[in-house]
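Student: Contents of data-v1.cif (mmCIF, C-alpha atoms and all ligand atoms):
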```
data_query
loop_
_atom_site.label_atom_id
_atom_site.label_comp_id
_atom_site.auth_asym_id
_atom_site.auth_seq_id
_atom_site.Cartn_x
_atom_site.Cartn_y
_atom_site.Cartn_z
CA MET A 5 72.19 63.58 48.84
CA ASN A 6 73.97 60.30 49.29
CA ILE A 7 77.55 60.33 48.04
CA LYS A 8 77.13 57.59 45.43
CA ASP A 9 74.30 59.48 43.71
CA LEU A 10 76.20 62.73 43.95
CA LEU A 11 79.28 61.27 42.29
CA THR A 12 77.34 59.98 39.30
CA LYS A 13 75.14 63.03 38.81
CA ASP A 14 75.29 64.54 35.32
CA PHE A 15 75.29 68.17 36.36
CA LEU A 16 76.54 69.36 39.73
CA GLU A 17 74.67 72.28 41.30
CA LYS A 18 76.23 74.63 43.83
CA GLU A 19 74.76 72.73 46.79
CA ASP A 20 76.26 69.48 45.43
CA ILE A 21 79.63 71.13 45.07
CA LEU A 22 79.45 72.45 48.63
CA GLN A 23 78.63 69.00 49.91
CA LEU A 24 81.60 67.52 48.04
CA LEU A 25 83.93 70.26 49.28
CA ALA A 26 82.98 69.27 52.80
CA ALA A 27 83.52 65.53 52.19
CA GLU A 28 85.66 63.81 54.82
CA GLY A 29 86.89 60.29 55.52
CA ASP A 30 85.35 57.65 53.30
CA GLU A 31 83.37 60.19 51.29
CA TYR A 32 86.57 62.11 50.54
CA GLU A 33 88.24 58.89 49.35
CA GLN A 34 85.26 58.08 47.15
CA LEU A 35 85.34 61.54 45.58
CA LEU A 36 89.02 61.17 44.66
CA LYS A 37 88.49 57.65 43.36
CA ARG A 38 85.57 58.67 41.18
CA ALA A 39 87.47 61.65 39.73
CA SER A 40 90.38 59.38 38.90
CA GLU A 41 88.07 56.91 37.12
CA VAL A 42 86.46 59.72 35.12
CA LYS A 43 89.84 61.08 34.08
CA LEU A 44 91.19 57.67 33.06
CA SER A 45 88.11 56.87 31.03
CA VAL A 46 88.01 60.24 29.23
CA LEU A 47 91.70 61.19 28.94
CA ASP A 48 93.48 57.91 29.62
CA ASN A 49 96.58 57.81 31.85
CA LYS A 50 98.54 60.31 29.76
CA VAL A 51 100.34 63.27 31.32
CA HIS A 52 101.29 66.27 29.17
CA LEU A 53 104.32 68.43 29.79
CA ARG A 54 104.87 72.16 29.42
CA GLY A 55 108.47 73.26 29.82
CA LEU A 56 108.27 76.33 32.04
CA ILE A 57 110.40 79.38 31.22
CA GLU A 58 110.30 82.07 33.92
CA LEU A 59 111.27 84.96 31.67
CA SER A 60 111.52 87.75 34.23
CA ASN A 61 110.52 88.65 37.78
CA ILE A 62 110.10 92.33 36.98
CA CYS A 63 106.47 93.13 37.77
CA ARG A 64 104.39 96.30 37.73
CA LYS A 65 101.83 94.85 40.11
CA SER A 66 101.68 94.34 43.84
CA CYS A 67 99.46 91.35 44.50
CA LEU A 68 99.43 90.99 48.28
CA TYR A 69 100.39 87.29 48.26
CA CYS A 70 103.13 87.25 45.64
CA GLY A 71 106.86 87.15 46.42
CA VAL A 72 107.83 89.01 43.22
CA ARG A 73 105.35 91.87 43.75
CA SER A 74 106.81 95.25 42.87
CA GLY A 75 106.71 96.32 46.51
CA ASN A 76 109.18 93.62 47.56
CA ASP A 77 112.67 95.12 47.45
CA ARG A 78 114.27 91.96 48.80
CA VAL A 79 114.30 90.25 45.41
CA GLU A 80 116.98 90.76 42.86
CA ARG A 81 115.26 91.53 39.57
CA TYR A 82 116.30 89.70 36.42
CA SER A 83 115.25 89.26 32.85
CA LEU A 84 116.46 86.40 30.66
CA THR A 85 118.13 87.42 27.41
CA ASP A 86 116.53 86.44 24.10
CA ASP A 87 119.27 83.86 23.63
CA GLU A 88 118.59 82.34 27.03
CA VAL A 89 114.87 82.06 26.29
CA LEU A 90 115.53 80.45 22.91
CA GLU A 91 118.04 78.11 24.50
CA CYS A 92 115.35 77.00 26.98
CA ALA A 93 112.92 76.41 24.12
CA ARG A 94 115.48 74.37 22.19
CA LEU A 95 116.17 72.37 25.33
CA ALA A 96 112.43 71.71 25.70
CA HIS A 97 112.39 70.41 22.16
CA GLN A 98 115.44 68.21 22.72
CA LEU A 99 113.96 66.77 25.89
CA GLY A 100 110.82 65.88 23.95
CA TYR A 101 108.54 68.30 25.83
CA GLY A 102 105.97 69.16 23.20
CA SER A 103 105.22 72.61 24.56
CA VAL A 104 106.72 75.53 26.41
CA ALA A 105 105.02 77.95 28.78
CA ILE A 106 106.49 81.42 29.16
CA GLN A 107 105.67 83.07 32.45
CA SER A 108 106.76 86.47 33.72
CA GLY A 109 105.98 89.28 36.08
CA GLU A 110 103.51 91.64 34.44
CA ARG A 111 104.77 94.38 32.13
CA SER A 112 102.74 96.15 29.49
CA ASP A 113 105.27 98.54 27.94
CA ARG A 114 105.82 98.31 24.22
CA GLU A 115 109.43 97.22 24.55
CA PHE A 116 108.26 94.17 26.49
CA THR A 117 105.22 93.29 24.39
CA ASP A 118 107.13 93.59 21.10
CA ARG A 119 109.91 91.50 22.51
CA ILE A 120 107.47 88.73 23.35
CA THR A 121 106.08 88.84 19.81
CA ARG A 122 109.60 88.40 18.44
CA LEU A 123 110.37 85.58 20.84
CA VAL A 124 107.14 83.73 20.02
CA SER A 125 107.92 84.01 16.29
CA LYS A 126 111.42 82.69 16.85
CA ILE A 127 110.25 79.77 19.00
CA LYS A 128 107.78 78.96 16.24
CA LYS A 129 110.70 78.52 13.86
CA ILE A 130 112.30 75.75 15.92
CA ASP A 131 111.94 72.53 13.95
CA GLY A 132 109.17 73.85 11.72
CA GLY A 133 106.84 74.98 14.48
CA SER A 134 106.83 71.76 16.43
CA LEU A 135 106.61 73.35 19.90
CA GLY A 136 103.29 74.45 21.36
CA ILE A 137 103.44 77.85 23.08
CA THR A 138 101.54 78.88 26.20
CA LEU A 139 101.86 82.42 27.50
CA SER A 140 101.25 83.51 31.08
CA LEU A 141 102.10 87.19 31.01
CA GLY A 142 99.25 88.81 32.84
CA GLU A 143 96.74 91.42 31.76
CA GLN A 144 97.29 93.03 28.37
CA SER A 145 95.28 94.98 25.82
CA GLU A 146 93.25 93.11 23.23
CA GLU A 147 95.66 94.35 20.58
CA VAL A 148 98.64 92.81 22.37
CA TYR A 149 96.85 89.51 22.99
CA ARG A 150 96.05 89.40 19.26
CA GLN A 151 99.60 90.26 18.26
CA TRP A 152 100.94 87.36 20.35
CA PHE A 153 98.25 85.02 19.03
CA ASP A 154 99.08 85.94 15.44
CA ALA A 155 102.78 85.36 16.17
CA GLY A 156 101.93 81.76 17.12
CA ALA A 157 101.00 81.53 20.80
CA HIS A 158 97.92 79.38 21.11
CA ARG A 159 97.33 79.00 24.83
CA TYR A 160 97.10 81.64 27.55
CA LEU A 161 96.94 81.27 31.31
CA LEU A 162 95.46 84.02 33.44
CA ARG A 163 94.30 82.92 36.86
CA ILE A 164 91.33 84.87 38.14
CA GLU A 165 92.76 84.26 41.66
CA SER A 166 89.22 84.54 43.06
CA SER A 167 85.90 84.79 41.25
CA THR A 168 84.44 86.67 44.22
CA GLU A 169 85.05 90.40 43.91
CA ALA A 170 85.19 91.02 47.67
CA LEU A 171 87.82 88.31 48.19
CA TYR A 172 89.74 89.51 45.14
CA TYR A 173 90.18 92.89 46.81
CA LYS A 174 91.31 91.32 50.07
CA ILE A 175 94.26 89.75 48.28
CA HIS A 176 95.03 92.60 45.87
CA PRO A 177 95.32 96.35 46.38
CA HIS A 178 92.15 98.09 45.22
CA ASP A 179 93.46 100.40 42.50
CA GLU A 180 93.50 100.74 38.73
CA ARG A 181 96.32 98.24 38.36
CA HIS A 182 94.42 95.57 40.23
CA ASP A 183 90.92 95.70 38.84
CA PHE A 184 88.69 92.66 39.20
CA HIS A 185 86.49 93.61 36.25
CA LYS A 186 89.47 94.23 34.01
CA ARG A 187 90.75 90.77 34.83
CA LEU A 188 87.41 89.21 33.99
CA ALA A 189 87.33 91.17 30.74
CA CYS A 190 90.81 89.87 29.86
CA ILE A 191 89.60 86.28 30.21
CA ASP A 192 86.68 87.04 27.88
CA THR A 193 89.03 88.67 25.36
CA LEU A 194 91.36 85.67 25.39
CA LEU A 195 88.43 83.33 24.79
CA ASP A 196 87.12 85.55 21.97
CA ILE A 197 90.48 85.67 20.21
CA GLY A 198 90.55 81.90 20.16
CA TYR A 199 93.24 81.10 22.68
CA GLN A 200 93.00 77.86 24.55
CA THR A 201 92.33 79.80 27.70
CA GLY A 202 93.26 78.73 31.19
CA THR A 203 92.44 80.26 34.52
CA GLY A 204 92.54 79.20 38.15
CA VAL A 205 92.73 80.11 41.80
CA MET A 206 94.80 79.56 44.91
CA VAL A 207 93.26 77.35 47.56
CA GLY A 208 93.41 78.03 51.29
CA LEU A 209 93.74 81.81 51.17
CA PRO A 210 92.98 83.88 54.23
CA PHE A 211 89.29 84.91 54.22
CA GLN A 212 88.44 82.21 51.64
CA THR A 213 85.39 80.04 52.40
CA LEU A 214 83.99 76.87 50.81
CA ASP A 215 81.31 79.08 49.31
CA HIS A 216 84.00 81.11 47.48
CA LEU A 217 85.63 77.92 46.23
CA ALA A 218 82.32 76.54 44.97
CA ASP A 219 81.76 79.80 43.10
CA ASP A 220 85.23 79.50 41.57
CA LEU A 221 84.37 76.07 40.15
CA LEU A 222 81.06 77.38 38.82
CA PHE A 223 82.93 80.27 37.25
CA PHE A 224 85.30 77.92 35.37
CA ARG A 225 82.31 76.01 34.03
CA SER A 226 80.37 79.12 33.09
CA LYS A 227 83.32 80.39 31.03
CA ASP A 228 83.84 76.96 29.49
CA VAL A 229 87.61 77.37 29.83
CA ALA A 230 90.00 74.84 28.32
CA MET A 231 92.49 74.67 31.17
CA VAL A 232 92.58 75.23 34.91
CA GLY A 233 95.42 75.53 37.39
CA MET A 234 94.76 75.38 41.11
CA GLY A 235 97.30 75.05 43.89
CA PRO A 236 97.53 75.66 47.60
CA TYR A 237 98.28 79.19 48.76
CA ILE A 238 101.71 79.35 50.39
CA PRO A 239 102.33 82.36 52.66
CA HIS A 240 105.40 84.35 51.65
CA PRO A 241 107.03 86.18 54.58
CA ASP A 242 107.97 89.24 52.49
CA THR A 243 104.37 90.00 51.48
CA PRO A 244 101.52 91.88 53.19
CA LEU A 245 99.19 88.85 53.21
CA TYR A 246 101.66 87.06 55.48
CA THR A 247 100.08 88.93 58.42
CA PHE A 248 97.17 86.50 58.12
CA ALA A 249 99.26 83.34 57.80
CA ASN A 250 98.07 82.20 61.22
CA GLN A 251 94.47 82.26 60.04
CA ILE A 252 94.73 79.77 57.20
CA PRO A 253 94.29 75.99 57.28
CA ALA A 254 97.37 73.82 57.98
CA PRO A 255 99.36 72.65 54.92
CA GLU A 256 97.77 69.17 54.92
CA GLU A 257 94.34 70.74 54.96
CA ARG A 258 95.20 73.12 52.10
CA MET A 259 96.48 70.12 50.17
CA ARG A 260 93.29 68.14 50.79
CA LEU A 261 91.16 71.09 49.82
CA THR A 262 93.16 71.52 46.61
CA LEU A 263 92.68 67.84 45.78
CA LYS A 264 88.94 68.15 46.39
CA MET A 265 88.80 71.15 44.05
CA ILE A 266 90.67 69.23 41.33
CA ALA A 267 88.51 66.14 41.76
CA ILE A 268 85.20 68.03 41.72
CA LEU A 269 86.23 70.02 38.66
CA ARG A 270 87.22 66.82 36.87
CA LEU A 271 83.65 65.60 37.44
CA MET A 272 82.24 68.91 36.21
CA MET A 273 84.56 69.37 33.22
CA PRO A 274 85.89 65.91 32.29
CA GLU A 275 87.74 66.99 29.15
CA ILE A 276 89.71 70.04 30.25
CA ASN A 277 93.44 70.15 30.90
CA MET A 278 94.27 70.56 34.56
CA VAL A 279 97.75 71.19 35.85
CA ALA A 280 99.29 69.56 38.91
CA ALA A 281 100.76 72.85 40.18
CA THR A 282 104.29 72.90 41.60
CA ALA A 283 102.86 74.57 44.73
CA ASN A 284 101.33 71.18 45.60
CA GLU A 285 104.80 69.80 46.02
CA THR A 286 105.80 72.55 48.39
CA VAL A 287 103.14 71.52 50.90
CA ASP A 288 103.52 67.77 50.32
CA PRO A 289 106.49 65.90 48.77
CA MET A 290 103.98 63.70 46.92
CA GLY A 291 101.79 66.68 46.07
CA ARG A 292 102.09 66.50 42.31
CA GLU A 293 101.41 62.77 42.21
CA LYS A 294 98.38 63.28 44.42
CA ALA A 295 97.07 66.02 42.12
CA ILE A 296 97.49 63.74 39.09
CA GLN A 297 95.67 60.95 40.91
CA ALA A 298 92.86 63.33 41.84
CA GLY A 299 92.28 64.28 38.19
CA ALA A 300 95.04 66.60 36.92
CA ASN A 301 96.78 65.69 33.63
CA VAL A 302 99.48 68.32 33.02
CA ILE A 303 102.85 69.00 34.65
CA MET A 304 105.08 72.01 34.09
CA PRO A 305 108.73 71.05 34.61
CA ASN A 306 110.94 74.09 35.11
CA LEU A 307 113.43 75.01 32.37
CA THR A 308 114.55 78.37 33.76
CA PRO A 309 118.36 78.49 34.02
CA ASN A 310 119.18 77.52 37.61
CA ALA A 311 121.01 80.78 38.33
CA TYR A 312 117.73 82.71 38.16
CA ARG A 313 115.36 80.33 39.90
CA GLU A 314 116.03 81.62 43.40
CA ASP A 315 114.77 85.01 42.22
CA TYR A 316 111.47 83.71 40.91
CA LEU A 317 110.13 82.68 44.28
CA ILE A 318 106.51 83.75 44.06
CA TYR A 319 106.18 81.62 47.18
CA PRO A 320 108.92 80.19 49.45
CA ASP A 321 110.38 76.64 49.30
CA LYS A 322 109.47 76.09 45.67
CA ALA A 323 110.15 72.53 44.60
CA CYS A 324 112.92 71.55 42.14
CA VAL A 325 114.74 74.89 42.40
CA ASN A 326 118.10 73.10 42.25
CA ASP A 327 117.25 70.36 39.74
CA LYS A 328 118.84 70.32 36.31
CA PRO A 329 116.35 69.99 33.43
CA GLU A 330 117.59 66.53 32.46
CA GLN A 331 117.20 65.33 36.05
CA CYS A 332 113.72 66.77 36.13
CA ARG A 333 112.74 64.87 33.01
CA SER A 334 113.78 61.45 34.24
CA CYS A 335 112.50 62.16 37.75
CA LEU A 336 109.03 63.08 36.49
CA ASP A 337 108.97 60.17 34.09
CA LEU A 338 109.69 57.70 36.89
CA ARG A 339 107.34 59.36 39.32
CA MET A 340 104.46 59.23 36.84
CA LYS A 341 105.18 55.57 36.02
CA ALA A 342 105.12 54.77 39.72
CA ILE A 343 101.49 55.89 39.88
CA GLY A 344 100.48 54.13 36.66
CA HIS A 345 100.67 57.19 34.42
CA GLU A 346 102.61 57.78 31.25
CA VAL A 347 104.27 61.02 30.16
CA LEU A 348 103.48 61.86 26.56
CA TYR A 349 106.48 63.26 24.69
CA ASN A 350 106.68 65.27 21.48
CA ALA A 351 103.02 66.27 21.52
CA TRP A 352 101.23 69.57 22.10
CA GLY A 353 98.73 67.94 24.39
CA ASP A 354 95.84 70.25 23.56
CA SER A 355 92.79 70.23 25.75
CA VAL A 356 90.23 67.75 24.44
CA ALA A 357 87.48 70.13 25.56
CA PHE A 358 88.95 72.88 23.36
CA THR A 359 89.61 70.69 20.33
CA LYS A 360 86.02 69.46 20.35
CA LYS A 361 84.57 72.94 20.76
CA LYS A 362 86.57 74.19 17.80
CA ALA A 363 85.56 71.28 15.53
N1 LIG B 1 101.23 80.82 46.94
C1 LIG B 1 100.71 80.05 45.98
N2 LIG B 1 100.53 80.45 44.71
C2 LIG B 1 100.90 81.70 44.41
N3 LIG B 1 100.82 82.40 43.27
C3 LIG B 1 101.33 83.63 43.48
N4 LIG B 1 101.73 83.76 44.75
C4 LIG B 1 101.45 82.58 45.36
C5 LIG B 1 101.61 82.09 46.69
N5 LIG B 1 102.13 82.85 47.65
C6 LIG B 1 100.18 81.88 42.05
C7 LIG B 1 99.11 82.84 41.55
C8 LIG B 1 99.61 83.26 40.21
C9 LIG B 1 100.54 82.13 39.82
C10 LIG B 1 101.58 82.50 38.82
O1 LIG B 1 101.14 81.75 41.03
O2 LIG B 1 97.87 82.15 41.43
O3 LIG B 1 98.59 83.43 39.24
FE1 LIG B 2 103.13 90.44 39.70
FE2 LIG B 2 100.75 89.88 40.85
S1 LIG B 2 102.59 90.59 41.79
S2 LIG B 2 101.20 90.06 38.76
#
```
How does the structure come out when it is put into structure tokens?
Tutor:
Amino acid sequence: MNIKDLLTKDFLEKEDILQLLAAEGDEYEQLLKRASEVKLSVLDNKVHLRGLIELSNICRKSCLYCGVRSGNDRVERYSLTDDEVLECARLAHQLGYGSVAIQSGERSDREFTDRITRLVSKIKKIDGGSLGITLSLGEQSEEVYRQWFDAGAHRYLLRIESSTEALYYKIHPHDERHDFHKRLACIDTLLDIGYQTGTGVMVGLPFQTLDHLADDLLFFRSKDVAMVGMGPYIPHPDTPLYTFANQIPAPEERMRLTLKMIAILRLMMPEINMVAATANETVDPMGREKAIQAGANVIMPNLTPNAYREDYLIYPDKACVNDKPEQCRSCLDLRMKAIGHEVLYNAWGDSVAFTKKKA
């Protein structure tokens, strides 16, 4: 189909998506331009912030791509204290970030899950519940997800990593801790409970094809999720998947592919929240700006105390590892202004798609 017709089509089929994923040159530029227009007309030029708190790098899993996998004994393990977490949340509030996102290696023991419940309740007390709370704490039982929801968390991020079972097991060990169907079931549970649910994938993985990526986009639409995060895969030398680092596309190509994924999804799901992942900036200094221009509308500035950041390297050369939170705030503000966008402060920045569905 000719690109103009494709870009104005109401409902993209898999073959359309495949054609767009293969777009090059002028067609690629037109795709990005169209996605940007759609985003500006539906969501305006506003960018929402989530202050990121990397609670702990202790993880019971061993995802083959991840630098903090339990099998990596080169990382020093840490866990923030309750006071440190609450300090981060207060800082987020002071800086005018309307929301925090708590991310951690996966743990499912009671001590951990109860601690999170307590922390969520305490964060909810800051200034009469003015901060939004997103959790990104992996796979948990329905009971635990409910407990956290009842304590006040209202968004949850759980990337599917790949919607294709065969690819999922090429990038995870195949055992009871890494179970594709369990992960899918978790996403359904989160949606059922009423979380604003986010998922996502890495782009440019070894063994990943355009067909897999098209299926990922169709998966997001079929689940009608409220949020999506997609970023380029970055090989980490201390992980098993690094063996295949010579088989993946070059960084520029992974960046372009990520931007295509963001742009196509913006056409498919105009009202969802989409994050400009920090991984974009690792492969391209302008990566986050480019993601915003291709259709993303959320940024997650890091609030983790600097002393711990070096230990939360899920991938190497993470951006902003040495920036102080205040620097990050003004840097992002300026960088968004430079591309004609405006950071929205003191707001939760809920997904329009979710708010409408609930109404
Ligand atoms: N490169 C890029 N992204 C990664 N993630 C984990 N390891 C890597 C890597 N090496 C992503 C995963 C995970 C999220 C927290 O970070 O998608 O869900
Ligand atoms: Fe920790 Fe994947 S390595 S969840």
Student: Counting only C-alpha atoms and all ligand atoms, which residues of chain A fall within 8 Å of ligand LIG 1 (chain B), and what is the closest atom pair for each with its distance in Å at one decimal, ordered by chain and rising number, as CSV?
Tutor:
```
residue,atom,partner,partner_atom,distance
A:Cys67,CA,B:LIG1,N4,7.9
A:Tyr69,CA,B:LIG1,N5,4.8
A:Cys70,CA,B:LIG1,N4,3.9
A:Gly71,CA,B:LIG1,N4,6.4
A:Gln107,CA,B:LIG1,C10,7.6
A:Ser140,CA,B:LIG1,C10,7.8
A:Leu162,CA,B:LIG1,O3,6.6
A:Arg163,CA,B:LIG1,O3,4.9
A:Ile164,CA,B:LIG1,O3,7.5
A:Glu165,CA,B:LIG1,O2,5.5
A:Gly204,CA,B:LIG1,O2,6.9
A:Val205,CA,B:LIG1,O2,5.5
A:Met206,CA,B:LIG1,O2,5.3
A:Met234,CA,B:LIG1,O2,7.5
A:Gly235,CA,B:LIG1,N2,6.3
A:Pro236,CA,B:LIG1,C1,5.7
A:Tyr237,CA,B:LIG1,C1,3.8
A:Ile238,CA,B:LIG1,N1,3.8
A:Pro239,CA,B:LIG1,N5,5.0
A:His240,CA,B:LIG1,N5,5.4
A:Ala283,CA,B:LIG1,C1,6.0
A:Ile318,CA,B:LIG1,N4,4.8
A:Tyr319,CA,B:LIG1,N5,4.3
A:Pro320,CA,B:LIG1,N5,7.5
```
Student: Nearest to Thr213 of chain A: which of A:Gln144, A:Tyr246, A:Glu293, A:Ala26 is it, counting all atoms listed in the file?
Tutor: A:Ala26
Student: Of the candidates A:Arg339, A:Arg258, A:Lys8, A:Lys43, which shows the shortest atom-to-atom distance to Ala300 of chain A, using all atoms listed in the file?
Tutor: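 Closest to Ala300 of chain A of all the choices is A:Lys43.
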Student: Which residues are close to Asp86 of chain A, i.e. within 12 Å by only C-alpha atoms, leaving aside same-chain residues fewer than 5 positions away? Reply as a PyMOL selection string.
Tutor: chain A and resi 57+59-60+91-93+116+119-127
Student: Could you list, as a list in words, all the residues within 7 Å of ligand LIG 2 (chain B), counting all atoms listed in the file?
Tutor: Cys63, Arg64, Lys65, Ser66, Cys67, Cys70, Val72, Arg73, Ser74, Gly109, Glu110 and Gly142 of chain A
Student: Using C-alpha atoms, can you write the selected residues to a file as a PDB file, keeping the file's coordinate frame?
Tutor:
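Contents of out-v1.pdb, as written:
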```pdb
ATOM      1  CA  CYS A  63     106.470  93.130  37.770  1.00  0.00           C
ATOM      2  CA  ARG A  64     104.390  96.300  37.730  1.00  0.00           C
ATOM      3  CA  LYS A  65     101.830  94.850  40.110  1.00  0.00           C
ATOM      4  CA  SER A  66     101.680  94.340  43.840  1.00  0.00           C
ATOM      5  CA  CYS A  67      99.460  91.350  44.500  1.00  0.00           C
ATOM      6  CA  CYS A  70     103.130  87.250  45.640  1.00  0.00           C
ATOM      7  CA  VAL A  72     107.830  89.010  43.220  1.00  0.00           C
ATOM      8  CA  ARG A  73     105.350  91.870  43.750  1.00  0.00           C
ATOM      9  CA  SER A  74     106.810  95.250  42.870  1.00  0.00           C
ATOM     10  CA  GLY A 109     105.980  89.280  36.080  1.00  0.00           C
ATOM     11  CA  GLU A 110     103.510  91.640  34.440  1.00  0.00           C
ATOM     12  CA  GLY A 142      99.250  88.810  32.840  1.00  0.00           C
TER      13      GLY A 142
END
```
Student: In Å to one decimal, how far is atom CA of Met340 of chain A from atom CA of Ile303 of chain A?
Tutor: 10.1 Å
Student: Could you check the closest approach to Gln98 of chain A for each of A:Arg333, A:Lys361, A:Lys37, A:Lys174 and tell me which residue wins, using all atoms listed in the file?
Tutor: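 Between A:Arg333, A:Lys361, A:Lys37, A:Lys174, the residue approaching Gln98 of chain A most closely is A:Arg333.
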Student: Pick out the residues sitting within 6 Å of segment 154-160 of chain A, and hand them over as a list in words; count all atoms listed in the file, and ignore anything fewer than 3 positions along from it in its own chain.
Tutor: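 Surrounding residues, per the criterion: Ser125, Ile137, Thr138, Leu139, Ser140, Arg150, Gln151, Tyr199, Gln200 and Thr201 of chain A.
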Student: Just how far from atom CA of Ile7 of chain A is atom CA of Leu22 of chain A, in Å to one decimal?
Tutor: 12.3 Å
Student: What's the 7 Å shell around Asn350 of chain A, counting all atoms listed in the file, without same-chain residues fewer than 6 positions away, as a list in words?
Tutor: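 Using all atoms listed in the file, the neighbours found are Gly100, Tyr101 and Gly102 of chain A.
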Student: List every protein, DNA or RNA residue with an atom no more than 12 Å from (80.5, 77.7, 33.1) in the file's coordinates, counting only C-alpha atoms, and format the result as a list in words.
Tutor: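 Selection result: Phe15, Leu16, Glu17, Lys18, Asp219, Asp220, Leu221, Leu222, Phe223, Phe224, Arg225, Ser226, Lys227, Asp228, Val229, Ala230, Leu269, Met272 and Met273 of chain A.
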Student: Any chance you can output those residues with C-alpha atoms as a CSV table (one decimal), in the frame of the given file?
Tutor:
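File produced: part-v8.csv:
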```
chain,number,residue,atom,x,y,z
A,15,PHE,CA,75.3,68.2,36.4
A,16,LEU,CA,76.5,69.4,39.7
A,17,GLU,CA,74.7,72.3,41.3
A,18,LYS,CA,76.2,74.6,43.8
A,219,ASP,CA,81.8,79.8,43.1
A,220,ASP,CA,85.2,79.5,41.6
A,221,LEU,CA,84.4,76.1,40.2
A,222,LEU,CA,81.1,77.4,38.8
A,223,PHE,CA,82.9,80.3,37.2
A,224,PHE,CA,85.3,77.9,35.4
A,225,ARG,CA,82.3,76.0,34.0
A,226,SER,CA,80.4,79.1,33.1
A,227,LYS,CA,83.3,80.4,31.0
A,228,ASP,CA,83.8,77.0,29.5
A,229,VAL,CA,87.6,77.4,29.8
A,230,ALA,CA,90.0,74.8,28.3
A,269,LEU,CA,86.2,70.0,38.7
A,272,MET,CA,82.2,68.9,36.2
A,273,MET,CA,84.6,69.4,33.2
```
Student: Regenerate segment 101-105 of chain A at the level of all heavy atoms and dump it as a PDB file, keeping the file's coordinate frame.
Tutor:
```pdb
ATOM      1  N   TYR A 101     109.732  67.626  25.284  1.00  0.00           N
ATOM      2  CA  TYR A 101     108.540  68.300  25.830  1.00  0.00           C
ATOM      3  C   TYR A 101     107.858  68.921  24.615  1.00  0.00           C
ATOM      4  O   TYR A 101     108.488  69.667  23.864  1.00  0.00           O
ATOM      5  CB  TYR A 101     108.919  69.417  26.803  1.00  0.00           C
ATOM      6  CG  TYR A 101     109.694  68.977  28.026  1.00  0.00           C
ATOM      7  CD1 TYR A 101     110.205  69.922  28.915  1.00  0.00           C
ATOM      8  CD2 TYR A 101     109.917  67.633  28.308  1.00  0.00           C
ATOM      9  CE1 TYR A 101     110.917  69.552  30.053  1.00  0.00           C
ATOM     10  CE2 TYR A 101     110.628  67.254  29.436  1.00  0.00           C
ATOM     11  CZ  TYR A 101     111.129  68.211  30.295  1.00  0.00           C
ATOM     12  OH  TYR A 101     111.838  67.843  31.413  1.00  0.00           O
ATOM     13  N   GLY A 102     106.606  68.676  24.413  1.00  0.00           N
ATOM     14  CA  GLY A 102     105.970  69.160  23.200  1.00  0.00           C
ATOM     15  C   GLY A 102     105.612  70.637  23.231  1.00  0.00           C
ATOM     16  O   GLY A 102     105.254  71.225  22.213  1.00  0.00           O
ATOM     17  N   SER A 103     105.691  71.241  24.400  1.00  0.00           N
ATOM     18  CA  SER A 103     105.220  72.610  24.560  1.00  0.00           C
ATOM     19  C   SER A 103     106.077  73.373  25.548  1.00  0.00           C
ATOM     20  O   SER A 103     106.649  72.777  26.463  1.00  0.00           O
ATOM     21  CB  SER A 103     103.797  72.612  25.142  1.00  0.00           C
ATOM     22  OG  SER A 103     102.834  72.510  24.138  1.00  0.00           O
ATOM     23  N   VAL A 104     106.112  74.694  25.376  1.00  0.00           N
ATOM     24  CA  VAL A 104     106.720  75.530  26.410  1.00  0.00           C
ATOM     25  C   VAL A 104     105.668  76.490  26.959  1.00  0.00           C
ATOM     26  O   VAL A 104     104.701  76.816  26.266  1.00  0.00           O
ATOM     27  CB  VAL A 104     107.920  76.361  25.893  1.00  0.00           C
ATOM     28  CG1 VAL A 104     109.116  75.474  25.616  1.00  0.00           C
ATOM     29  CG2 VAL A 104     107.550  77.181  24.657  1.00  0.00           C
ATOM     30  N   ALA A 105     105.876  76.914  28.192  1.00  0.00           N
ATOM     31  CA  ALA A 105     105.020  77.950  28.780  1.00  0.00           C
ATOM     32  C   ALA A 105     105.942  79.067  29.238  1.00  0.00           C
ATOM     33  O   ALA A 105     106.901  78.826  29.977  1.00  0.00           O
ATOM     34  CB  ALA A 105     104.237  77.389  29.955  1.00  0.00           C
TER      35      ALA A 105
END
```
